[in-house]
Each structure stands twice: as C-alpha cells, then as structure tokens.
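What follows is the content of my_file.cif, which has mmCIF, C-alpha atoms:
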```
data_final
#
loop_
_atom_site.label_atom_id
_atom_site.label_comp_id
_atom_site.auth_asym_id
_atom_site.auth_seq_id
_atom_site.Cartn_x
_atom_site.Cartn_y
_atom_site.Cartn_z
CA MET A 1 -64.45 52.51 125.53
CA ALA A 2 -61.26 53.18 123.58
CA ASN A 3 -60.33 49.47 123.63
CA THR A 4 -63.82 48.52 122.44
CA ALA A 5 -63.59 51.03 119.59
CA ASN A 6 -60.18 49.64 118.56
CA ILE A 7 -61.52 46.06 118.57
CA GLU A 8 -64.49 47.11 116.43
CA GLN A 9 -62.17 48.83 113.97
CA ARG A 10 -60.00 45.71 113.68
CA VAL A 11 -63.04 43.49 113.13
CA ALA A 12 -64.37 45.89 110.48
CA ARG A 13 -60.98 45.87 108.77
CA ARG A 14 -60.87 42.06 108.69
CA HIS A 15 -64.36 42.02 107.25
CA THR A 16 -63.36 44.50 104.57
CA LEU A 17 -60.26 42.49 103.60
CA ARG A 18 -62.37 39.33 103.42
CA GLU A 19 -64.81 41.07 101.10
CA ASP A 20 -61.91 42.37 98.99
CA ALA A 21 -60.49 38.85 98.66
CA LEU A 22 -63.83 37.53 97.43
CA ASN A 23 -64.74 40.25 94.94
CA LEU A 24 -64.68 39.32 91.25
CA PRO A 25 -61.59 41.31 90.13
CA ASN A 26 -59.44 39.89 92.95
CA LEU A 27 -60.74 36.36 92.34
CA LEU A 28 -59.62 36.70 88.71
CA THR A 29 -56.22 37.92 89.88
CA MET A 30 -55.84 35.00 92.29
CA GLY A 31 -56.93 32.68 89.48
CA ARG A 32 -54.01 34.04 87.47
CA VAL A 33 -51.65 33.04 90.29
CA VAL A 34 -53.17 29.55 90.42
CA MET A 35 -52.53 29.16 86.68
CA ILE A 36 -48.77 29.70 87.09
CA PRO A 37 -47.78 26.19 88.25
CA ILE A 38 -50.05 24.64 85.61
CA VAL A 39 -48.45 26.72 82.84
CA LEU A 40 -44.97 25.83 84.14
CA TRP A 41 -45.79 22.12 84.29
CA LEU A 42 -47.05 22.13 80.71
CA MET A 43 -43.97 24.08 79.56
CA SER A 44 -41.65 21.64 81.34
CA GLN A 45 -43.04 18.77 79.19
CA ASP A 46 -41.60 20.68 76.20
CA THR A 47 -43.74 18.98 73.56
CA ARG A 48 -45.65 20.64 70.75
CA ALA A 49 -49.01 19.79 72.35
CA SER A 50 -48.03 20.83 75.90
CA ASN A 51 -46.56 24.10 74.63
CA PHE A 52 -49.80 24.80 72.78
CA TRP A 53 -51.92 24.32 75.91
CA ALA A 54 -49.44 26.30 78.01
CA THR A 55 -49.85 29.14 75.51
CA ILE A 56 -53.64 28.95 75.77
CA LEU A 57 -53.51 29.17 79.59
CA TYR A 58 -50.92 31.96 79.52
CA SER A 59 -53.06 33.92 77.05
CA LEU A 60 -56.11 33.47 79.28
CA ALA A 61 -54.09 34.71 82.25
CA ALA A 62 -52.93 37.74 80.25
CA ILE A 63 -56.53 38.51 79.23
CA THR A 64 -57.70 38.38 82.86
CA ASP A 65 -55.03 40.98 83.64
CA PHE A 66 -56.97 43.48 81.52
CA ILE A 67 -60.40 42.26 82.62
CA ASP A 68 -59.83 42.46 86.38
CA GLY A 69 -58.49 46.00 86.17
CA TYR A 70 -61.45 47.06 84.01
CA LEU A 71 -63.97 45.42 86.35
CA ALA A 72 -62.35 46.90 89.45
CA ARG A 73 -62.70 50.41 88.01
CA ARG A 74 -66.15 49.84 86.47
CA MET A 75 -67.63 48.21 89.59
CA GLY A 76 -65.90 50.50 92.07
CA LEU A 77 -64.04 47.56 93.61
CA THR A 78 -60.54 49.02 93.62
CA SER A 79 -58.85 47.83 96.82
CA VAL A 80 -55.49 47.78 98.58
CA LEU A 81 -55.42 43.98 98.23
CA GLY A 82 -56.03 44.28 94.49
CA LYS A 83 -53.30 46.89 94.09
CA PHE A 84 -50.90 44.46 95.76
CA LEU A 85 -52.01 41.25 94.05
CA ASP A 86 -52.42 42.48 90.46
CA PRO A 87 -48.81 43.54 89.74
CA LEU A 88 -47.49 40.64 91.84
CA ALA A 89 -49.43 38.10 89.77
CA ASP A 90 -48.14 39.63 86.53
CA LYS A 91 -44.51 39.59 87.65
CA LEU A 92 -44.72 36.04 89.02
CA LEU A 93 -46.23 34.73 85.78
CA VAL A 94 -43.70 36.45 83.51
CA LEU A 95 -40.58 35.80 85.59
CA ALA A 96 -41.48 32.18 86.38
CA ALA A 97 -42.01 31.43 82.69
CA LEU A 98 -38.77 33.16 81.67
CA VAL A 99 -36.68 31.37 84.33
CA LEU A 100 -38.02 28.00 83.16
CA MET A 101 -37.23 28.94 79.55
CA VAL A 102 -33.60 29.53 80.56
CA GLU A 103 -33.48 26.00 81.98
CA LEU A 104 -35.05 24.64 78.80
CA GLY A 105 -32.47 26.53 76.72
CA HIS A 106 -35.06 28.64 74.89
CA VAL A 107 -33.83 32.06 76.04
CA PRO A 108 -30.45 33.46 77.18
CA ALA A 109 -29.98 33.97 80.92
CA TRP A 110 -28.63 37.53 80.52
CA ALA A 111 -31.92 38.78 79.08
CA VAL A 112 -33.91 37.30 81.95
CA ILE A 113 -31.46 38.76 84.50
CA ILE A 114 -31.94 42.25 83.03
CA ILE A 115 -35.73 41.91 83.02
CA ALA A 116 -35.85 40.54 86.59
CA SER A 117 -33.45 43.23 87.86
CA ARG A 118 -35.54 45.94 86.26
CA GLU A 119 -38.77 44.64 87.78
CA LEU A 120 -37.26 44.38 91.28
CA SER A 121 -35.65 47.82 91.02
CA ILE A 122 -38.81 49.58 89.85
CA THR A 123 -40.89 47.81 92.51
CA ALA A 124 -38.44 49.01 95.17
CA LEU A 125 -38.53 52.52 93.71
CA ARG A 126 -42.33 52.57 93.82
CA THR A 127 -42.24 51.38 97.43
CA ILE A 128 -39.90 54.22 98.38
CA ALA A 129 -42.09 56.68 96.50
CA VAL A 130 -45.19 55.54 98.41
CA SER A 131 -43.35 55.92 101.73
CA GLU A 132 -42.48 59.48 100.70
CA GLY A 133 -46.06 60.24 99.71
CA VAL A 134 -45.12 60.44 96.03
CA VAL A 135 -47.20 58.87 93.24
CA ILE A 136 -45.40 57.68 90.09
CA ALA A 137 -47.69 57.17 87.11
CA ALA A 138 -47.02 54.32 84.67
CA SER A 139 -44.73 55.51 81.87
CA ARG A 140 -45.37 54.99 78.17
CA GLY A 141 -42.20 52.94 77.89
CA GLY A 142 -43.37 50.68 80.70
CA LYS A 143 -46.65 50.00 78.90
CA ASP A 144 -44.78 49.26 75.65
CA LYS A 145 -42.46 46.91 77.53
CA THR A 146 -45.41 44.99 78.97
CA ALA A 147 -47.18 44.65 75.60
CA VAL A 148 -44.05 43.48 73.75
CA GLN A 149 -43.13 41.13 76.59
CA MET A 150 -46.54 39.44 76.48
CA ALA A 151 -46.27 38.92 72.72
CA ALA A 152 -42.72 37.58 73.14
CA LEU A 153 -43.82 35.06 75.76
CA VAL A 154 -46.66 33.75 73.58
CA ALA A 155 -44.21 33.06 70.74
CA LEU A 156 -41.55 31.64 73.08
CA ILE A 157 -43.95 29.28 74.83
CA LEU A 158 -45.20 27.94 71.47
CA HIS A 159 -41.50 27.62 70.59
CA ASP A 160 -41.80 25.38 67.53
CA THR A 161 -41.76 26.14 63.82
CA TYR A 162 -45.25 26.47 62.33
CA VAL A 163 -46.29 26.61 58.68
CA LEU A 164 -48.61 29.50 57.93
CA ASP A 165 -50.80 28.78 54.93
CA TRP A 166 -52.68 31.70 53.33
CA GLY A 167 -53.83 29.58 50.37
CA PHE A 168 -51.73 31.40 47.79
CA TYR A 169 -48.58 31.44 49.94
CA LYS A 170 -46.99 29.21 52.57
CA ALA A 171 -44.24 30.19 55.01
CA ALA A 172 -42.49 28.37 57.83
CA VAL A 173 -42.16 30.60 60.89
CA ASP A 174 -39.74 29.81 63.70
CA LEU A 175 -41.74 31.15 66.65
CA ASN A 176 -38.79 30.81 69.04
CA ALA A 177 -36.76 33.15 66.82
CA VAL A 178 -39.70 35.58 66.62
CA GLY A 179 -40.12 35.40 70.40
CA LEU A 180 -36.41 36.07 70.99
CA ALA A 181 -36.53 39.13 68.73
CA LEU A 182 -39.53 40.47 70.65
CA LEU A 183 -37.87 39.61 73.98
CA TYR A 184 -34.75 41.59 73.04
CA LEU A 185 -37.01 44.50 72.11
CA SER A 186 -38.71 44.22 75.50
CA VAL A 187 -35.27 44.31 77.16
CA PHE A 188 -34.63 47.62 75.39
CA PHE A 189 -37.97 49.00 76.62
CA ALA A 190 -37.23 47.62 80.11
CA ILE A 191 -33.99 49.61 80.30
CA THR A 192 -35.34 52.83 78.80
CA SER A 193 -38.57 52.75 80.83
CA ALA A 194 -36.52 52.22 84.01
CA GLY A 195 -34.76 55.50 83.17
CA GLU A 196 -38.18 57.14 82.70
CA TYR A 197 -39.36 55.92 86.11
CA ILE A 198 -36.21 57.20 87.79
CA SER A 199 -36.67 60.61 86.13
CA LEU A 200 -40.34 60.71 87.20
CA PHE A 201 -39.35 59.73 90.76
CA VAL A 202 -36.68 62.45 91.00
CA ALA A 203 -39.04 65.07 89.55
CA ALA A 204 -41.86 64.06 91.93
CA VAL A 205 -39.59 64.14 95.00
CA GLU A 206 -38.15 67.53 94.01
CA ALA A 207 -41.68 68.91 93.51
CA LYS A 208 -42.71 67.56 96.93
CA GLU A 209 -39.66 69.13 98.61
CA GLN A 210 -40.33 72.42 96.82
CA ARG A 211 -43.92 72.45 98.11
CA GLU A 212 -42.70 71.75 101.64
CA ARG A 213 -40.19 74.61 101.46
CA GLU A 214 -42.88 76.96 100.22
CA GLN A 215 -45.23 75.88 103.03
CA GLU A 216 -42.49 76.39 105.64
CA ALA A 217 -41.71 79.82 104.20
CA ALA A 218 -45.40 80.78 104.24
CA ALA A 219 -45.74 79.55 107.84
CA ALA A 220 -42.65 81.54 108.87
CA THR A 221 -44.03 84.67 107.20
CA ALA A 222 -47.39 84.21 108.95
CA ARG A 223 -45.70 84.03 112.37
CA ARG A 224 -43.95 87.37 111.90
#
```
Represent the structure of the file as structure tokens.
Amino acid sequence: MANTANIEQRVARRHTLREDALNLPNLLTMGRVVMIPIVLWLMSQDTRASNFWATILYSLAAITDFIDGYLARRMGLTSVLGKFLDPLADKLLVLAALVLMVELGHVPAWAVIIIASRELSITALRTIAVSEGVVIAASRGGKDKTAVQMAALVALILHDTYVLDWGFYKAAVDLNAVGLALLYLSVFFAITSAGEYISLFVAAVEAKEQREREQEAAAATARR
C-alpha cells in the first residue's frame, strides 16, 4: 500500500509539473529564453538594421518579464517552476547580451565581470538562505539596478548615433555613450544592492537563530 501511495504521489507530481510548464506565465518565460539566441544573432550582425530588430525583440522580452509575473499572481499560477525559470531567463538574457557586447567592443569587460559576479553571488546567497529557511525580500537597490540595466541594454543594443528631431530643435545622440553611462550607474547599484542583500541575509539569519534560542529556552523552562 505504501509503495502504491508513493507511486501515485510521483505521478501526481509529474502531472503538476507538466501543467506548470504549460501555463501561460511559464510559456511567456520560456518564450523569453527562446528569444535569446535570436537577439544574439541579430546583435552579432552589428548593422544599424539588425541592432534595431534586436532592440525590438529585447524590449518584447523585457515586457514579458513584467507580464508573466503579473499573470502568475493574478491567475493564481505561481509555481516552483516559474520561480526557477523567471530569474534564470532574466539573467541569461542580460548576461548573454553583455558578454557579446564585450566581444563586439561596445562595453568594457570589467563592468560585465562585476555585474556577472554580483548576479552569481546573490543567487548563491539566496540559495543558502532558502536552505536555512530564510526569505530575503528584493531590495530597493536591486530593483533600481534592474530598471537602469534594462534601459542601458536598450541603448547599447541600438548602439548607433541617432538624430532626434523635435521640429524646432535637432540633436545627435550617441546611444552607445548613453548606454555606457547607464551601465556604469547599474554597476554602482549592483555593488550597493549586493551590500543590502548581505545585510538582509545576516539580519534574517540572526533573527532566525534568536527565535530558535528563545524556543529552546521556553522548552527547557517547560520541562522543569
């Protein structure tokens, strides 16, 4: 009977994961992953037209990042698979684009190294926190970093100089220079928000340990 129950549980779990993979928010997330090689191929052509279409696809991918999270909460479709795929898709899209930009000579390698190191470190920290039963909420600095980084990537992918014409005034804007300025700002937010996450992690762990000590003390008092 026990073996039968275990088999039924495993089958039910597979069915649930299959449903999770096919729900709308997760399909949008997986669509974002599928867009990555297309965006990279367009960027690698490094022409004005290909950069424009790469920017369009990247912007669509960024928009789906907000849509899938909203739909998951609104439709009650929040899942373990979605929690894994959503941040993974974001990091793959951003880091893949930045690494290619280093090869193309559009951005300095040191900035990408800092951003990649920060993302890997915070992901590892969150993993440790989960294993300890500690939840770390997204910091304000982390949200600012993400917003500035997205704007930086749009400008960097477009790359070229564009003339903005307001009728009464024309100005040539070097979007690569604008993108670099925003990227450097995102590096600043990446470093400061990493400090915020570490502080939140330490505070959460200390609070957890304090609760455990209090529970042990209460249990010891009850046994007396």
Convert the output of the PyMOL selection byres ((chain A and resi 153-157) around 6) on the shown file into explicit residues, formatted as a short mmCIF file (atom, residue, chain, number, x, y, z; two decimals) with C-alpha atoms, in the frame of the given file.
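File selection-v1.cif, as written:
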```
data_model
loop_
_atom_site.label_atom_id
_atom_site.label_comp_id
_atom_site.auth_asym_id
_atom_site.auth_seq_id
_atom_site.Cartn_x
_atom_site.Cartn_y
_atom_site.Cartn_z
CA ASN A 51 -46.56 24.10 74.63
CA THR A 55 -49.85 29.14 75.51
CA MET A 150 -46.54 39.44 76.48
CA ALA A 151 -46.27 38.92 72.72
CA ALA A 152 -42.72 37.58 73.14
CA LEU A 158 -45.20 27.94 71.47
CA HIS A 159 -41.50 27.62 70.59
CA LEU A 175 -41.74 31.15 66.65
CA ASN A 176 -38.79 30.81 69.04
CA GLY A 179 -40.12 35.40 70.40
#
```
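Residues in contact range of region 43-46 of chain A, defined as at most 10 Å between only C-alpha atoms, with sequence neighbours fewer than 2 positions away removed, read Pro37, Ile38, Val39, Leu40, Trp41, Arg48, Ala49, Ser50, Asn51, Phe52, Trp53, Ala54, Thr55, Ala97, Leu100, Met101, Glu103, Leu104, Ile157, Leu158, His159 and Asp160 of chain A.
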Output the selection as a compact mmCIF listing (two decimals), keeping the file's coordinate frame - C-alpha atoms for each residue.
```txt
# COMPACT_ATOMS: atom_id res chain seq x y z
CA PRO A 37 -47.78 26.19 88.25
CA ILE A 38 -50.05 24.64 85.61
CA VAL A 39 -48.45 26.72 82.84
CA LEU A 40 -44.97 25.83 84.14
CA TRP A 41 -45.79 22.12 84.29
CA ARG A 48 -45.65 20.64 70.75
CA ALA A 49 -49.01 19.79 72.35
CA SER A 50 -48.03 20.83 75.90
CA ASN A 51 -46.56 24.10 74.63
CA PHE A 52 -49.80 24.80 72.78
CA TRP A 53 -51.92 24.32 75.91
CA ALA A 54 -49.44 26.30 78.01
CA THR A 55 -49.85 29.14 75.51
CA ALA A 97 -42.01 31.43 82.69
CA LEU A 100 -38.02 28.00 83.16
CA MET A 101 -37.23 28.94 79.55
CA GLU A 103 -33.48 26.00 81.98
CA LEU A 104 -35.05 24.64 78.80
CA ILE A 157 -43.95 29.28 74.83
CA LEU A 158 -45.20 27.94 71.47
CA HIS A 159 -41.50 27.62 70.59
CA ASP A 160 -41.80 25.38 67.53
```
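Using all atoms listed in the file for every distance, the candidate list A:Gly141, A:Gly31, A:Gly133, A:Pro87 yields A:Gly133 as the residue closest to Val205 (chain A).
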Problem set entry | Atom-to-atom span, CA of Asp90 (chain A) and CA of Thr161 (chain A), Å |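 Straight-line distance from CA of Asp90 (chain A) to CA of Thr161 (chain A) works out to 27.2 Å.
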Problem set entry | Residue nearest Tyr58 (chain A) among A:Glu209, A:Arg74, A:Val34, A:Val148 (counting all atoms listed in the file) | A:Val34
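The space between CA of Gln149 (chain A) and CA of Tyr162 (chain A) spans 20.6 Å.
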For this session: Please write as number ranges by chain the full residue list that the PyMOL selection byres ((chain A and resi 202) around 12) yields on this file.
Result: A: 125-126, 128-129, 132, 134-136, 195-201, 203-209
Problem set entry | Length of the CA of Ile113 (chain A) to CA of Thr146 (chain A) vector [Å] |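 Pair CA of Ile113 (chain A) / CA of Thr146 (chain A) returns 16.2 Å.
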Exercise. With all atoms listed in the file as the basis for distance, which of A:Thr221, A:Thr123, A:Gln215, A:Ser59 is at the shortest distance from Val94 (chain A)?
Worked result: A:Ser59
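Among the candidates A:Thr192, A:Gln210, A:Ser117, A:Thr29, the one nearest to Ala62 (chain A) when counting only C-alpha atoms is A:Thr29.
Distance check against Ser121 (chain A) using all atoms listed in the file: of A:Ala220, A:Ala109, A:Val173, A:Ala194, the minimum falls on A:Ala194.
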For this session: Check what the PyMOL selection byres ((chain A and resi 188) around 12) selects in the file above and give those residues as a PyMOL selection string.
Result: chain A and resi 111+114-115+118+141-142+144-146+148-149+181-187+189-195
Exercise. For Ala147 (chain A), which residue among A:Leu120, A:Leu27, A:Leu164, A:Phe66 is the nearest when counting all atoms listed in the file?
Worked result: A:Phe66
Might you pull out every residue within 9 Å of Leu93 (chain A), with all atoms listed in the file counted and same-chain residues fewer than 5 positions away left off, and present them as a JSON list (two decimals) with C-alpha atoms, keeping the file's coordinate frame?
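Written output follows (part_23.json):
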```
[["chain", "number", "residue", "atom", "x", "y", "z"],
["A", 32, "ARG", "CA", -54.01, 34.04, 87.47],
["A", 33, "VAL", "CA", -51.65, 33.04, 90.29],
["A", 35, "MET", "CA", -52.53, 29.16, 86.68],
["A", 36, "ILE", "CA", -48.77, 29.70, 87.09],
["A", 39, "VAL", "CA", -48.45, 26.72, 82.84],
["A", 58, "TYR", "CA", -50.92, 31.96, 79.52],
["A", 61, "ALA", "CA", -54.09, 34.71, 82.25],
["A", 88, "LEU", "CA", -47.49, 40.64, 91.84],
["A", 98, "LEU", "CA", -38.77, 33.16, 81.67]]
```
N, CA and C atoms are what I want for region 174-191 of chain A; can you complete it accordingly and write them as a PDB file, in the coordinates of the input?
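Wrote it out as selection_28.pdb, contents follow:
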```pdb
ATOM      1  N   ASP A 174     -40.369  30.284  62.469  1.00  0.00           N
ATOM      2  CA  ASP A 174     -39.740  29.810  63.700  1.00  0.00           C
ATOM      3  C   ASP A 174     -40.186  30.741  64.834  1.00  0.00           C
ATOM      4  N   LEU A 175     -41.174  30.299  65.624  1.00  0.00           N
ATOM      5  CA  LEU A 175     -41.740  31.150  66.650  1.00  0.00           C
ATOM      6  C   LEU A 175     -40.746  31.432  67.781  1.00  0.00           C
ATOM      7  N   ASN A 176     -39.788  30.531  68.009  1.00  0.00           N
ATOM      8  CA  ASN A 176     -38.790  30.810  69.040  1.00  0.00           C
ATOM      9  C   ASN A 176     -37.916  31.987  68.618  1.00  0.00           C
ATOM     10  N   ALA A 177     -37.561  32.037  67.327  1.00  0.00           N
ATOM     11  CA  ALA A 177     -36.760  33.150  66.820  1.00  0.00           C
ATOM     12  C   ALA A 177     -37.550  34.460  66.891  1.00  0.00           C
ATOM     13  N   VAL A 178     -38.844  34.388  66.532  1.00  0.00           N
ATOM     14  CA  VAL A 178     -39.700  35.580  66.620  1.00  0.00           C
ATOM     15  C   VAL A 178     -39.806  36.034  68.078  1.00  0.00           C
ATOM     16  N   GLY A 179     -40.005  35.067  68.985  1.00  0.00           N
ATOM     17  CA  GLY A 179     -40.120  35.400  70.400  1.00  0.00           C
ATOM     18  C   GLY A 179     -38.850  36.020  70.953  1.00  0.00           C
ATOM     19  N   LEU A 180     -37.684  35.501  70.528  1.00  0.00           N
ATOM     20  CA  LEU A 180     -36.410  36.070  70.990  1.00  0.00           C
ATOM     21  C   LEU A 180     -36.243  37.510  70.514  1.00  0.00           C
ATOM     22  N   ALA A 181     -36.630  37.765  69.247  1.00  0.00           N
ATOM     23  CA  ALA A 181     -36.530  39.130  68.730  1.00  0.00           C
ATOM     24  C   ALA A 181     -37.403  40.087  69.540  1.00  0.00           C
ATOM     25  N   LEU A 182     -38.622  39.645  69.847  1.00  0.00           N
ATOM     26  CA  LEU A 182     -39.530  40.470  70.650  1.00  0.00           C
ATOM     27  C   LEU A 182     -39.004  40.613  72.089  1.00  0.00           C
ATOM     28  N   LEU A 183     -38.407  39.544  72.626  1.00  0.00           N
ATOM     29  CA  LEU A 183     -37.870  39.610  73.980  1.00  0.00           C
ATOM     30  C   LEU A 183     -36.729  40.625  74.063  1.00  0.00           C
ATOM     31  N   TYR A 184     -35.850  40.620  73.055  1.00  0.00           N
ATOM     32  CA  TYR A 184     -34.750  41.590  73.040  1.00  0.00           C
ATOM     33  C   TYR A 184     -35.295  43.017  72.953  1.00  0.00           C
ATOM     34  N   LEU A 185     -36.382  43.187  72.180  1.00  0.00           N
ATOM     35  CA  LEU A 185     -37.010  44.500  72.110  1.00  0.00           C
ATOM     36  C   LEU A 185     -37.584  44.897  73.459  1.00  0.00           C
ATOM     37  N   SER A 186     -38.163  43.927  74.178  1.00  0.00           N
ATOM     38  CA  SER A 186     -38.710  44.220  75.500  1.00  0.00           C
ATOM     39  C   SER A 186     -37.602  44.557  76.496  1.00  0.00           C
ATOM     40  N   VAL A 187     -36.414  43.965  76.312  1.00  0.00           N
ATOM     41  CA  VAL A 187     -35.270  44.310  77.160  1.00  0.00           C
ATOM     42  C   VAL A 187     -34.892  45.778  76.950  1.00  0.00           C
ATOM     43  N   PHE A 188     -34.915  46.213  75.692  1.00  0.00           N
ATOM     44  CA  PHE A 188     -34.630  47.620  75.390  1.00  0.00           C
ATOM     45  C   PHE A 188     -35.645  48.529  76.074  1.00  0.00           C
ATOM     46  N   PHE A 189     -36.933  48.192  75.966  1.00  0.00           N
ATOM     47  CA  PHE A 189     -37.970  49.000  76.620  1.00  0.00           C
ATOM     48  C   PHE A 189     -37.847  48.919  78.145  1.00  0.00           C
ATOM     49  N   ALA A 190     -37.404  47.763  78.656  1.00  0.00           N
ATOM     50  CA  ALA A 190     -37.230  47.620  80.110  1.00  0.00           C
ATOM     51  C   ALA A 190     -36.183  48.599  80.622  1.00  0.00           C
ATOM     52  N   ILE A 191     -35.077  48.712  79.888  1.00  0.00           N
ATOM     53  CA  ILE A 191     -33.990  49.610  80.300  1.00  0.00           C
ATOM     54  C   ILE A 191     -34.401  51.071  80.169  1.00  0.00           C
TER      55      ILE A 191
END
```
